[in-house]
>>> print(open('coords_5.pdb').read())   # PDB, C-alpha atoms, pLDDT in the B column
ATOM      1  CA  MET A 429     109.710 -83.973  18.775  1.00 92.00           C
ATOM      2  CA  PRO A 430     112.327 -84.873  21.384  1.00 96.00           C
ATOM      3  CA  LEU A 431     111.282 -84.065  24.940  1.00 98.00           C
ATOM      4  CA  VAL A 432     114.021 -83.944  27.558  1.00 98.00           C
ATOM      5  CA  HIS A 433     113.252 -83.782  31.254  1.00 98.00           C
ATOM      6  CA  ILE A 434     116.131 -82.643  33.481  1.00 98.00           C
ATOM      7  CA  GLU A 435     115.858 -82.736  37.272  1.00 97.00           C
ATOM      8  CA  LEU A 436     118.256 -80.554  39.266  1.00 96.00           C
ATOM      9  CA  VAL A 437     118.710 -79.437  42.825  1.00 96.00           C
ATOM     10  CA  ALA A 438     117.855 -75.720  42.822  1.00 96.00           C
ATOM     11  CA  GLY A 439     120.627 -73.185  43.164  1.00 95.00           C
ATOM     12  CA  ARG A 440     122.028 -72.590  39.701  1.00 96.00           C
ATOM     13  CA  SER A 441     122.022 -69.151  38.130  1.00 98.00           C
ATOM     14  CA  GLN A 442     119.829 -68.190  35.205  1.00 98.00           C
ATOM     15  CA  GLU A 443     122.967 -68.015  33.043  1.00 98.00           C
ATOM     16  CA  GLN A 444     123.930 -71.588  33.997  1.00 98.00           C
ATOM     17  CA  LEU A 445     120.458 -72.853  33.126  1.00 98.00           C
ATOM     18  CA  LYS A 446     120.509 -71.002  29.790  1.00 98.00           C
ATOM     19  CA  GLY A 447     123.879 -72.574  28.980  1.00 98.00           C
ATOM     20  CA  LEU A 448     122.595 -76.010  29.939  1.00 98.00           C
ATOM     21  CA  VAL A 449     119.536 -75.899  27.683  1.00 98.00           C
ATOM     22  CA  LYS A 450     121.570 -74.422  24.823  1.00 98.00           C
ATOM     23  CA  ASP A 451     124.197 -77.189  25.035  1.00 98.00           C
ATOM     24  CA  VAL A 452     121.658 -79.995  25.483  1.00 98.00           C
ATOM     25  CA  THR A 453     119.616 -78.692  22.540  1.00 98.00           C
ATOM     26  CA  ALA A 454     122.697 -78.554  20.312  1.00 98.00           C
ATOM     27  CA  ALA A 455     123.749 -82.089  21.292  1.00 98.00           C
ATOM     28  CA  ILE A 456     120.313 -83.527  20.548  1.00 98.00           C
ATOM     29  CA  ALA A 457     120.036 -81.664  17.233  1.00 98.00           C
ATOM     30  CA  LYS A 458     123.450 -82.961  16.171  1.00 97.00           C
ATOM     31  CA  ASN A 459     123.038 -86.574  17.277  1.00 97.00           C
ATOM     32  CA  VAL A 460     119.357 -87.136  16.500  1.00 97.00           C
ATOM     33  CA  ASN A 461     119.281 -84.983  13.365  1.00 96.00           C
ATOM     34  CA  VAL A 462     116.279 -82.903  14.372  1.00 97.00           C
ATOM     35  CA  PRO A 463     115.865 -79.112  14.083  1.00 98.00           C
ATOM     36  CA  GLU A 464     116.541 -77.237  17.333  1.00 98.00           C
ATOM     37  CA  GLU A 465     113.107 -75.590  17.235  1.00 97.00           C
ATOM     38  CA  ARG A 466     111.509 -79.032  17.618  1.00 98.00           C
ATOM     39  CA  ILE A 467     113.410 -79.887  20.807  1.00 98.00           C
ATOM     40  CA  HIS A 468     111.596 -79.363  24.106  1.00 98.00           C
ATOM     41  CA  ILE A 469     113.345 -79.280  27.479  1.00 98.00           C
ATOM     42  CA  VAL A 470     111.685 -79.256  30.902  1.00 98.00           C
ATOM     43  CA  LEU A 471     113.812 -78.197  33.878  1.00 98.00           C
ATOM     44  CA  ASP A 472     112.496 -79.411  37.213  1.00 98.00           C
ATOM     45  CA  GLU A 473     114.294 -77.832  40.173  1.00 97.00           C
ATOM     46  CA  MET A 474     114.042 -79.539  43.542  1.00 96.00           C
ATOM     47  CA  GLN A 475     114.618 -77.658  46.757  1.00 96.00           C
ATOM     48  CA  PRO A 476     117.714 -78.840  48.667  1.00 96.00           C
ATOM     49  CA  ASP A 477     115.583 -79.661  51.714  1.00 95.00           C
ATOM     50  CA  ARG A 478     113.431 -81.981  49.590  1.00 95.00           C
ATOM     51  CA  TYR A 479     116.209 -84.105  48.099  1.00 94.00           C
ATOM     52  CA  SER A 480     118.647 -86.458  49.768  1.00 95.00           C
ATOM     53  CA  VAL A 481     121.605 -88.632  48.873  1.00 95.00           C
ATOM     54  CA  GLY A 482     122.641 -91.422  51.223  1.00 96.00           C
ATOM     55  CA  GLY A 483     120.053 -90.396  53.791  1.00 96.00           C
ATOM     56  CA  ILE A 484     121.358 -86.826  54.077  1.00 96.00           C
ATOM     57  CA  LEU A 485     119.369 -83.877  52.813  1.00 95.00           C
ATOM     58  CA  LYS A 486     121.285 -81.740  50.326  1.00 93.00           C
ATOM     59  CA  SER A 487     120.441 -78.734  52.519  1.00 94.00           C
ATOM     60  CA  ASP A 488     122.446 -80.341  55.354  1.00 95.00           C
ATOM     61  CA  GLN A 489     125.604 -80.839  53.324  1.00 90.00           C
TER      62      GLN A 489
END
>>> encode(input="coords_5.pdb", output="structure tokens")
Amino acid sequence: MPLVHIELVAGRSQEQLKGLVKDVTAAIAKNVNVPEERIHIVLDEMQPDRYSVGGILKSDQ
């Protein structure tokens, strides 16, 4: 059972997230030769004021 953990800064639409998990699932099924129904994906969304790059909060960009 593949388990994929994806961390993202919050702000994407529900449709974008659905597309992401669909595409990631298909890629894993194809390349690892496992049925899609056995693939688990966890999306962890971080708030922009709780994530920084280069010392600058994403909420300040």
>>> atom_distance(input="coords_5.pdb", atom1="atom CA of Asp488 of chain A", atom2="atom CA of Met474 of chain A")
14.5 Å
>>> atom_distance(input="coords_5.pdb", atom1="atom CA of Ile469 of chain A", atom2="atom CA of Glu443 of chain A")
15.8 Å
>>> axis_aligned_box(input="coords_5.pdb", around="segment 467-474 of chain A", padding_each_side="6 Å", output="lines of an AutoDock Vina configuration file")
center_x = 112.9
center_y = -78.9
center_z = 32.2
size_x = 14.7
size_y = 14.1
size_z = 34.7
>>> closest_residue(input="coords_5.pdb", among="A:His468, A:Gln442, A:Ile484, A:Ile434", to="Ala454 of chain A", atoms="only C-alpha atoms")
A:His468
>>> resolve_selection(input="coords_5.pdb", expression="the PyMOL selection byres ((chain A and resi 473) around 6)", output="PyMOL selection string")
chain A and resi 435-438+472+474
>>> residues_near_point(input="coords_5.pdb", point="(113.1, -78.5, 18.2)", cutoff="9 Å", atoms="all atoms listed in the file", output="PyMOL selection string")
chain A and resi 429-431+453+457+462-468
>>> atom_distance(input="coords_5.pdb", atom1="atom CA of Lys458 of chain A", atom2="atom CA of Val432 of chain A")
14.8 Å
